[in-house]
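Note: the block below is upload.cif and it holds mmCIF, C-alpha atoms and all ligand atoms.
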data_model
loop_
_atom_site.label_atom_id
_atom_site.label_comp_id
_atom_site.auth_asym_id
_atom_site.auth_seq_id
_atom_site.Cartn_x
_atom_site.Cartn_y
_atom_site.Cartn_z
CA MET A 797 98.66 121.44 87.42
CA LYS A 798 100.96 122.50 90.27
CA ALA A 799 104.12 120.38 90.59
CA VAL A 800 107.45 120.46 92.44
CA TYR A 801 109.95 120.71 89.59
CA VAL A 802 113.75 120.46 89.36
CA ARG A 803 115.34 122.01 86.24
CA GLU A 804 118.96 121.66 87.42
CA PHE A 805 120.32 119.56 90.30
CA GLY A 806 121.21 121.56 93.36
CA PRO A 807 120.38 122.61 96.93
CA ILE A 808 116.87 122.87 98.35
CA GLU A 809 116.24 126.02 96.30
CA ALA A 810 116.67 123.95 93.12
CA MET A 811 113.03 122.92 93.64
CA GLU A 812 110.32 125.24 92.34
CA ILE A 813 106.55 125.02 92.16
CA VAL A 814 105.52 125.33 88.51
CA ASP A 815 102.43 124.84 86.34
CA LEU A 816 102.66 121.82 84.05
CA PRO A 817 100.18 120.10 81.72
CA VAL A 818 98.27 117.19 83.30
CA PRO A 819 99.95 113.96 82.09
CA MET A 820 98.02 111.38 80.01
CA PRO A 821 97.87 107.71 81.05
CA GLY A 822 99.28 105.33 78.41
CA PRO A 823 98.51 101.60 78.09
CA GLY A 824 98.52 99.88 81.50
CA GLN A 825 98.44 103.21 83.31
CA VAL A 826 96.12 105.14 85.65
CA LEU A 827 95.89 108.91 86.15
CA VAL A 828 95.50 109.83 89.83
CA ARG A 829 94.47 113.14 91.38
CA VAL A 830 97.05 113.33 94.19
CA LYS A 831 95.88 114.19 97.72
CA ALA A 832 99.08 113.50 99.66
CA SER A 833 102.67 112.55 98.81
CA GLY A 834 105.41 111.10 101.01
CA ILE A 835 108.90 112.53 101.45
CA ASN A 836 111.89 110.17 101.18
CA PHE A 837 115.57 110.49 102.04
CA ALA A 838 116.38 109.35 98.47
CA GLU A 839 114.62 112.44 97.08
CA THR A 840 117.13 114.70 98.78
CA ARG A 841 119.82 112.88 96.77
CA MET A 842 117.75 113.02 93.56
CA ARG A 843 117.39 116.76 93.90
CA ALA A 844 121.13 117.12 94.55
CA GLY A 845 122.10 114.99 91.51
CA ASP A 846 123.47 112.13 93.60
CA TYR A 847 120.99 109.39 92.65
CA GLY A 848 121.81 106.83 89.93
CA GLY A 849 119.77 107.15 86.74
CA GLN A 850 118.02 110.43 87.64
CA THR A 851 118.17 113.03 84.86
CA VAL A 852 116.89 116.64 84.78
CA PRO A 853 114.35 118.11 84.45
CA PHE A 854 111.95 116.09 86.57
CA VAL A 855 108.98 116.33 88.92
CA MET A 856 109.88 115.34 92.49
CA GLY A 857 108.18 112.61 94.50
CA MET A 858 108.08 108.81 94.50
CA GLU A 859 104.81 107.91 96.23
CA SER A 860 101.32 109.25 96.77
CA ALA A 861 97.69 108.58 97.61
CA GLY A 862 94.67 110.05 95.87
CA ILE A 863 91.62 109.45 93.69
CA VAL A 864 91.59 107.77 90.28
CA GLU A 865 90.83 110.40 87.62
CA ALA A 866 91.10 108.27 84.46
CA VAL A 867 92.25 104.81 83.37
CA ALA A 868 93.71 103.53 80.10
CA PRO A 869 91.24 101.36 78.09
CA ASP A 870 93.17 98.18 78.95
CA VAL A 871 92.99 98.77 82.74
CA THR A 872 90.16 96.93 84.47
CA ALA A 873 91.40 96.79 88.09
CA PHE A 874 90.57 100.46 88.89
CA ARG A 875 87.80 102.92 88.03
CA PRO A 876 87.53 106.72 88.24
CA GLY A 877 86.66 107.70 91.81
CA ASP A 878 88.59 104.81 93.48
CA ARG A 879 90.76 105.76 96.49
CA VAL A 880 94.27 104.48 95.76
CA PHE A 881 97.92 104.67 96.81
CA GLY A 882 101.30 103.44 95.58
CA ARG A 883 104.68 104.27 94.05
CA ALA A 884 104.92 106.65 91.08
CA ARG A 885 107.74 109.01 90.11
CA GLY A 886 106.51 112.61 89.84
CA SER A 887 104.13 112.29 92.79
CA HIS A 888 104.74 115.81 94.19
CA ALA A 889 102.09 117.17 91.83
CA GLU A 890 98.33 117.58 91.55
CA PHE A 891 98.17 114.65 89.10
CA VAL A 892 100.47 111.70 88.48
CA VAL A 893 100.42 108.66 86.21
CA PHE A 894 100.83 105.25 87.86
CA ASP A 895 101.78 101.97 86.21
CA VAL A 896 98.86 99.82 87.32
CA ALA A 897 101.17 97.16 88.84
CA HIS A 898 102.31 99.74 91.42
CA LEU A 899 98.84 100.96 92.40
CA MET A 900 96.84 99.58 95.35
CA PRO A 901 93.33 100.19 96.73
CA LEU A 902 93.41 102.44 99.81
CA PRO A 903 91.54 100.85 102.76
CA ASP A 904 88.56 102.99 103.90
CA ARG A 905 90.00 103.31 107.40
CA LEU A 906 93.09 105.19 106.13
CA SER A 907 93.28 108.90 105.27
CA PHE A 908 95.13 109.96 102.11
CA GLU A 909 98.02 111.15 104.31
CA GLU A 910 98.22 107.73 105.98
CA GLY A 911 98.06 106.02 102.58
CA ALA A 912 100.87 108.16 101.20
CA ALA A 913 102.99 107.25 104.25
CA ILE A 914 103.02 103.57 103.26
CA PRO A 915 104.37 102.73 99.78
CA VAL A 916 108.16 103.25 99.74
CA GLY A 917 108.88 102.65 103.43
CA TRP A 918 106.63 99.63 103.96
CA LEU A 919 107.35 97.95 100.61
CA THR A 920 111.09 98.29 101.20
CA ALA A 921 110.82 96.78 104.68
CA TRP A 922 108.45 94.06 103.41
CA HIS A 923 110.75 93.16 100.52
CA GLY A 924 113.76 92.87 102.84
CA LEU A 925 112.20 91.14 105.83
CA ILE A 926 109.49 89.00 104.20
CA THR A 927 110.54 88.28 100.59
CA LEU A 928 114.31 88.07 101.07
CA ALA A 929 115.12 87.27 104.72
CA GLU A 930 111.86 85.36 105.41
CA VAL A 931 111.92 86.43 109.07
CA GLN A 932 110.60 83.70 111.37
CA PRO A 933 108.87 83.92 114.78
CA GLY A 934 111.40 84.17 117.61
CA GLN A 935 114.24 85.48 115.43
CA ARG A 936 116.13 88.57 116.61
CA VAL A 937 115.94 91.48 114.17
CA LEU A 938 118.17 94.58 114.39
CA ILE A 939 116.95 97.66 112.50
CA GLU A 940 119.35 100.56 111.84
CA GLY A 941 117.61 103.94 111.69
CA ILE A 942 114.49 102.56 113.35
CA ALA A 943 112.90 106.05 113.34
CA SER A 944 113.20 106.37 109.54
CA SER A 945 110.28 105.76 107.28
CA VAL A 946 111.68 102.35 106.29
CA GLY A 947 112.80 101.56 109.85
CA SER A 948 109.46 102.37 111.53
CA ALA A 949 107.70 100.14 108.98
CA ALA A 950 110.25 97.35 109.50
CA LEU A 951 109.59 97.52 113.26
CA GLN A 952 105.88 96.76 112.83
CA ILE A 953 106.43 94.10 110.18
CA ALA A 954 109.06 92.23 112.21
CA ARG A 955 106.93 92.39 115.39
CA TRP A 956 103.91 91.10 113.44
CA ARG A 957 106.08 88.17 112.26
CA GLY A 958 106.73 87.35 115.92
CA ALA A 959 110.36 88.47 115.96
CA TRP A 960 112.23 90.08 118.86
CA VAL A 961 113.08 93.54 117.54
CA ALA A 962 115.83 96.01 118.40
CA GLY A 963 116.59 99.28 116.65
CA THR A 964 119.08 102.12 116.59
CA ALA A 965 118.74 105.90 116.33
CA SER A 966 120.91 108.94 116.99
CA ARG A 967 118.63 110.63 119.56
CA ASP A 968 117.18 109.49 122.86
CA GLU A 969 113.68 110.80 121.92
CA LYS A 970 113.61 108.51 118.88
CA VAL A 971 114.90 105.59 120.98
CA ALA A 972 112.01 106.16 123.43
CA LYS A 973 109.47 106.37 120.59
CA ALA A 974 110.72 103.10 119.10
CA ILE A 975 109.92 101.39 122.41
CA GLU A 976 106.46 103.05 122.43
CA TRP A 977 105.88 101.64 118.93
CA GLY A 978 106.68 98.12 120.14
CA ALA A 979 110.44 97.59 119.86
CA ASN A 980 111.79 95.14 122.45
CA ALA A 981 115.01 97.17 122.70
CA ALA A 982 116.36 100.37 121.18
CA TYR A 983 119.77 101.99 121.39
CA ASN A 984 121.26 105.41 120.81
CA TYR A 985 124.17 104.38 118.58
CA LEU A 986 126.08 107.54 119.47
CA THR A 987 126.21 106.64 123.17
CA ASP A 988 125.47 102.90 123.43
CA ASP A 989 127.76 100.01 122.49
CA VAL A 990 125.20 98.37 120.20
CA PRO A 991 126.87 94.94 119.62
CA THR A 992 127.52 94.47 123.36
CA ARG A 993 124.01 95.59 124.39
CA LEU A 994 122.36 93.40 121.77
CA ARG A 995 124.37 90.32 122.76
CA GLU A 996 123.53 90.92 126.44
CA GLU A 997 119.82 91.19 125.65
CA THR A 998 119.75 88.10 123.41
CA GLY A 999 121.56 85.77 125.82
CA GLY A 1000 124.78 86.06 123.79
CA HIS A 1001 123.06 85.07 120.53
CA GLY A 1002 123.25 88.29 118.47
CA ALA A 1003 120.94 89.24 115.59
CA ASP A 1004 119.55 86.75 113.08
CA VAL A 1005 118.56 89.47 110.62
CA SER A 1006 119.65 93.09 110.37
CA MET A 1007 118.63 95.99 108.16
CA LEU A 1008 121.75 98.03 107.39
CA THR A 1009 121.40 101.48 105.86
CA ILE A 1010 123.71 103.94 107.61
CA GLY A 1011 127.04 102.38 106.64
CA GLY A 1012 130.41 103.62 107.93
CA GLU A 1013 131.32 102.80 111.50
CA GLN A 1014 127.67 102.15 112.42
CA GLY A 1015 127.39 99.56 109.67
CA ALA A 1016 130.48 97.76 110.99
CA LYS A 1017 128.86 97.68 114.46
CA THR A 1018 125.66 96.23 113.04
CA VAL A 1019 127.65 93.46 111.32
CA ALA A 1020 129.51 92.88 114.62
CA ALA A 1021 126.12 92.42 116.34
CA MET A 1022 125.17 89.52 114.02
CA GLY A 1023 124.85 85.99 115.33
CA GLU A 1024 125.74 82.72 113.55
CA ASP A 1025 124.13 82.19 110.10
CA GLY A 1026 122.55 85.65 110.21
CA THR A 1027 121.37 87.70 107.24
CA VAL A 1028 122.45 91.33 106.77
CA LEU A 1029 120.11 93.26 104.47
CA LEU A 1030 122.06 96.08 102.78
CA PHE A 1031 119.49 98.51 101.45
CA GLY A 1032 120.84 102.05 101.81
CA SER A 1033 123.84 104.30 102.23
CA THR A 1034 122.30 107.07 104.33
CA GLY A 1035 125.51 107.92 106.19
CA GLY A 1036 127.91 107.52 103.22
CA ARG A 1037 128.70 104.92 100.57
CA THR A 1038 131.47 102.93 102.28
CA MET A 1039 131.94 100.92 105.47
CA PRO A 1040 134.79 98.89 106.98
CA LEU A 1041 134.15 95.15 106.87
CA ASP A 1042 136.08 92.76 109.14
CA LEU A 1043 136.49 89.65 106.96
CA ASN A 1044 136.57 87.53 110.09
CA ILE A 1045 132.78 87.51 109.68
CA GLY A 1046 133.45 84.42 107.54
CA ALA A 1047 133.62 82.43 110.76
CA ARG A 1048 129.99 83.36 111.51
CA ASN A 1049 128.63 82.26 108.10
CA LEU A 1050 126.71 85.46 107.44
CA ARG A 1051 124.71 86.24 104.31
CA LEU A 1052 125.13 89.81 103.02
CA LEU A 1053 122.13 90.58 100.80
CA SER A 1054 121.90 93.89 98.95
CA PHE A 1055 118.68 95.00 97.33
CA SER A 1056 116.77 97.78 95.63
CA ILE A 1057 112.99 97.54 95.30
CA THR A 1058 113.28 99.45 92.01
CA SER A 1059 115.56 96.94 90.29
CA SER A 1060 114.81 93.66 92.13
CA LYS A 1061 113.25 91.09 89.78
CA ARG A 1062 111.43 89.62 92.79
CA PHE A 1063 109.72 92.88 93.72
CA LEU A 1064 106.64 92.85 91.49
CA PRO A 1065 105.85 89.11 91.36
CA GLU A 1066 106.55 88.41 95.03
CA THR A 1067 106.65 91.53 97.19
CA MET A 1068 103.77 93.41 95.57
CA GLU A 1069 101.72 90.20 95.41
CA THR A 1070 102.11 89.32 99.10
CA PHE A 1071 101.84 92.95 100.20
CA LYS A 1072 98.48 93.36 98.42
CA ARG A 1073 97.19 90.01 99.65
CA VAL A 1074 98.54 89.98 103.22
CA ALA A 1075 99.58 93.49 104.33
CA ILE A 1076 96.71 95.60 102.97
CA PRO A 1077 94.11 93.67 105.00
CA LEU A 1078 96.27 94.30 108.09
CA PHE A 1079 96.09 98.05 107.42
CA ALA A 1080 92.35 97.68 106.82
CA ASN A 1081 91.83 96.03 110.23
CA GLY A 1082 94.11 98.49 112.05
CA LEU A 1083 96.88 96.08 113.03
CA PHE A 1084 99.41 97.87 110.81
CA LYS A 1085 99.50 101.62 111.42
CA PRO A 1086 101.15 104.07 109.03
CA VAL A 1087 103.56 106.25 110.99
CA VAL A 1088 102.89 109.91 110.16
CA ASP A 1089 105.40 112.34 111.65
CA ARG A 1090 103.78 115.49 110.21
CA VAL A 1091 101.89 116.84 107.21
CA LEU A 1092 102.92 120.03 105.38
CA PRO A 1093 101.34 121.82 102.42
CA LEU A 1094 102.90 121.06 99.01
CA ASP A 1095 104.50 124.48 98.78
CA HIS A 1096 106.38 123.82 102.06
CA VAL A 1097 108.59 121.26 100.31
CA TYR A 1098 111.74 123.21 101.27
CA GLU A 1099 110.84 122.77 104.93
CA ALA A 1100 110.23 119.05 104.34
CA HIS A 1101 113.75 118.60 102.92
CA ARG A 1102 115.22 120.61 105.83
CA LEU A 1103 113.43 118.28 108.25
CA VAL A 1104 114.94 115.21 106.54
CA ALA A 1105 118.40 116.76 106.92
CA ASP A 1106 117.64 117.59 110.58
CA ARG A 1107 116.87 113.88 111.29
CA SER A 1108 114.47 114.42 114.19
CA HIS A 1109 111.42 112.84 112.49
CA PHE A 1110 109.90 109.50 113.44
CA GLY A 1111 108.15 107.86 110.47
CA LYS A 1112 107.01 109.78 107.42
CA ILE A 1113 106.96 113.48 106.58
CA LEU A 1114 104.13 114.16 104.11
CA LEU A 1115 103.00 116.83 101.70
CA ARG A 1116 99.29 117.62 101.44
CA VAL A 1117 98.39 118.35 97.83
CA PRO A 1118 95.66 120.97 97.32
N1 LIG B 1 116.96 99.62 98.80
C1 LIG B 1 115.79 100.18 98.55
O1 LIG B 1 115.04 99.71 97.69
C2 LIG B 1 115.39 101.39 99.32
C3 LIG B 1 114.09 101.89 99.24
C4 LIG B 1 113.73 102.99 100.03
C5 LIG B 1 114.68 103.59 100.85
N2 LIG B 1 115.94 103.09 100.86
C6 LIG B 1 116.96 103.70 101.72
O2 LIG B 1 116.54 103.57 103.05
C7 LIG B 1 117.16 104.58 103.83
C8 LIG B 1 116.11 105.25 104.70
O3 LIG B 1 115.24 105.98 103.85
P1 LIG B 1 114.01 106.76 104.50
O4 LIG B 1 113.34 107.53 103.40
O5 LIG B 1 113.24 105.81 105.33
O6 LIG B 1 114.82 107.78 105.42
P2 LIG B 1 114.34 108.85 106.48
O7 LIG B 1 112.96 108.59 106.96
O8 LIG B 1 114.65 110.21 105.93
O9 LIG B 1 115.34 108.58 107.68
C9 LIG B 1 116.72 108.55 107.45
C10 LIG B 1 117.44 108.39 108.79
O10 LIG B 1 118.74 107.89 108.53
C11 LIG B 1 119.55 108.24 109.63
N3 LIG B 1 120.85 108.76 109.19
C12 LIG B 1 122.03 108.28 109.59
N4 LIG B 1 123.03 108.96 109.04
C13 LIG B 1 122.49 109.92 108.29
C14 LIG B 1 123.02 110.97 107.50
N5 LIG B 1 124.34 111.16 107.37
N6 LIG B 1 122.15 111.79 106.86
C15 LIG B 1 120.83 111.62 106.97
N7 LIG B 1 120.27 110.62 107.71
C16 LIG B 1 121.09 109.79 108.38
C17 LIG B 1 118.80 109.31 110.42
O11 LIG B 1 118.32 108.71 111.62
P3 LIG B 1 119.31 108.66 112.88
O12 LIG B 1 119.86 110.06 112.99
O13 LIG B 1 118.42 108.28 114.00
O14 LIG B 1 120.35 107.65 112.54
C18 LIG B 1 117.68 109.69 109.51
O15 LIG B 1 116.56 110.20 110.19
C19 LIG B 1 117.85 105.52 102.85
O16 LIG B 1 119.21 105.19 102.76
C20 LIG B 1 117.16 105.19 101.54
O17 LIG B 1 117.92 105.53 100.42
C21 LIG B 1 116.31 102.02 100.13
#
Encoded form using structure tokens:
Amino acid sequence: MKAVYVREFGPIEAMEIVDLPVPMPGPGQVLVRVKASGINFAETRMRAGDYGGQTVPFVMGMESAGIVEAVAPDVTAFRPGDRVFGRARGSHAEFVVFDVAHLMPLPDRLSFEEGAAIPVGWLTAWHGLITLAEVQPGQRVLIEGIASSVGSAALQIARWRGAWVAGTASRDEKVAKAIEWGANAAYNYLTDDVPTRLREETGGHGADVSMLTIGGEQGAKTVAAMGEDGTVLLFGSTGGRTMPLDLNIGARNLRLLSFSITSSKRFLPETMETFKRVAIPLFANGLFKPVVDRVLPLDHVYEAHRLVADRSHFGKILLRVP
């Protein structure tokens, strides 16, 4: 099978398309013929050797959608021919093995590309906003990097919960798109004073929940935009791994909650359970819409990583697998 392979960590050229044997599903696993695979910011760090726990060599990719090819004898939830999607390492390939707990049925209404645009971004946003922060109707939610794959999913989830939603981005075009996708407010953090604007637009209240991923100076501004008793969800380090923190935040009684969907003990029993039961039907009826920025062929993976570095995308960049 064709696969995007990394022998040694390095720049974009460290990735090569190679022929590998089709993997075999072990107990509790499902072999899927991949049709589309999502691109994630984290993969650019994996390829560069800047992602905890990643060793070489490896097949790139963390999520995909496709058709079940074979199931282990102990798997009863899926059958060959089922349309499916979910999270599986090694997804930038013609076949990938899923642990059954991470596989979901793909609603008929969604294409494979749309299905592959969901898993990492939407499950991360769902875990943060629904499982951890338990966002309530009327709360004010501030989403850093609202144009990112996680951010654009968080926007729809928070709006569906009945929250007032604001987001940040580094370009005016992405700010405008966030409004088109339903944000109540959106700011260009390079030109707008985010804490001041957010306080003005929330009657002085500030944010009840924020999703913080950029860090650095922007992270400090997001924390400054928080209202009393707010929850800051720390889930990424896109702009660097440190940020200044004014310890005067103690006076506002904030909760700083860090999480990873890969290591959180609440992810499988709570987030996957509610996502399958509540979110998938919302995709099936069209209320939730996967945000596809563009689809490229698998062998254009270099271009996909260049686009991530360029930061002009809104939603998910995808690879179509032949
Ligand atoms: N905790 C978890 O379990 C979990 C799971 C999945 C993803 N994540 C994290 O979530 C974040 C978003 O991931 P994603 O795949 O949704 O990202 P993405 O779609 O590639 O978008 C990333 C965005 O981050 C912003 N950004 C700010 N500073 C940046 C910098 N120095 N370099 C690159 N981008 C920068 C850019 O938007 P602007 O230019 O508009 O700011 C960029 O478009 C990442 O930090 C990722 O590691 C965490």
Nearby residues (all atoms listed in the file) at most 8 Å from region 1071-1080 of chain A, same-chain spacing under 3 positions excluded, as a PyMOL selection string: chain A and resi 900+903-906+919+922+1067-1068+1083-1085
Quick one: contact table of chain A to ligand LIG 1 (chain B), 8 Å max, nearest atom pair and distance in Å to one decimal per residue, counting only C-alpha atoms and all ligand atoms, chain and number order, as a tab-separated table?
residue	atom	partner	partner_atom	distance
A:Ile835	CA	B:LIG1	O4	7.0
A:Asn836	CA	B:LIG1	O4	3.7
A:Phe837	CA	B:LIG1	O4	3.9
A:Ala838	CA	B:LIG1	O17	4.6
A:Val916	CA	B:LIG1	C4	5.6
A:Gly917	CA	B:LIG1	O5	5.7
A:Leu919	CA	B:LIG1	C3	7.9
A:Thr920	CA	B:LIG1	C3	5.1
A:Glu940	CA	B:LIG1	O14	7.2
A:Gly941	CA	B:LIG1	O14	4.7
A:Ile942	CA	B:LIG1	O13	7.0
A:Ala943	CA	B:LIG1	O13	6.0
A:Ser944	CA	B:LIG1	O7	3.4
A:Ser945	CA	B:LIG1	O5	3.5
A:Val946	CA	B:LIG1	O5	3.9
A:Gly947	CA	B:LIG1	O5	6.2
A:Thr964	CA	B:LIG1	O13	6.7
A:Ala965	CA	B:LIG1	O13	3.3
A:Ser966	CA	B:LIG1	O13	3.9
A:Arg967	CA	B:LIG1	O13	6.0
A:Lys970	CA	B:LIG1	O13	6.9
A:Asn984	CA	B:LIG1	O13	7.9
A:Tyr985	CA	B:LIG1	O14	7.9
A:Thr1009	CA	B:LIG1	O16	5.3
A:Ile1010	CA	B:LIG1	C12	5.1
A:Leu1030	CA	B:LIG1	N1	7.4
A:Phe1031	CA	B:LIG1	N1	3.8
A:Gly1032	CA	B:LIG1	O16	3.7
A:Ser1033	CA	B:LIG1	O16	4.7
A:Thr1034	CA	B:LIG1	O16	3.9
A:Gly1035	CA	B:LIG1	N5	3.6
A:Gly1036	CA	B:LIG1	N5	6.6
A:Ser1054	CA	B:LIG1	N1	7.6
A:Phe1055	CA	B:LIG1	N1	5.1
A:Ser1056	CA	B:LIG1	O1	3.3
A:Ile1057	CA	B:LIG1	O1	3.8
A:Thr1058	CA	B:LIG1	O1	6.0
A:Ser1059	CA	B:LIG1	O1	7.9
A:Val1104	CA	B:LIG1	O8	5.0
A:Ala1105	CA	B:LIG1	C15	5.7
A:Asp1106	CA	B:LIG1	O15	7.5
A:Arg1107	CA	B:LIG1	O15	3.9
A:Ser1108	CA	B:LIG1	O15	6.2
A:His1109	CA	B:LIG1	O15	6.2
A:Phe1110	CA	B:LIG1	O7	7.2
A:Gly1111	CA	B:LIG1	O7	6.0
A:Lys1112	CA	B:LIG1	O7	6.1
A:Ile1113	CA	B:LIG1	O7	7.7
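Minimum distance to Glu1024 (chain A) across A:Leu1050, A:Ala873, A:Val937, A:Met858 (counting all atoms listed in the file) occurs at A:Leu1050.
The residue that comes closest to Ala889 (chain A), out of A:Gln952, A:Ser860, A:Asn980, A:Asn1081 and on the basis of all atoms listed in the file, is A:Ser860.
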Could you work out an axis-aligned bounding box for all listed atoms of region 1053-1063 of chain A, with 8 Å added on each of the six sides, and give its centre and edge lengths in Å to one decimal, as lines of an AutoDock Vina configuration file?
center_x = 115.9
center_y = 94.5
center_z = 95.3
size_x = 28.4
size_y = 25.8
size_z = 27.0
If we count all atoms listed in the file, what is near Phe854 (chain A) at a cut-off of 8 Å, once residues fewer than 3 positions away on the same chain are taken out, given as a PDB file with C-alpha atoms, in the frame of the given file?
ATOM      1  CA  TYR A 801     109.950 120.710  89.590  1.00  0.00           C
ATOM      2  CA  VAL A 802     113.750 120.460  89.360  1.00  0.00           C
ATOM      3  CA  ARG A 803     115.340 122.010  86.240  1.00  0.00           C
ATOM      4  CA  THR A 851     118.170 113.030  84.860  1.00  0.00           C
ATOM      5  CA  GLY A 886     106.510 112.610  89.840  1.00  0.00           C
TER       6      GLY A 886
END
Surrounding residues of Phe891 (chain A) excluding itself and chain neighbours under 6 positions, 12 Å, only C-alpha atoms, as number ranges by chain: A: 797-800, 815-821, 826-833, 855, 857, 859-866, 884-885, 1117-1118
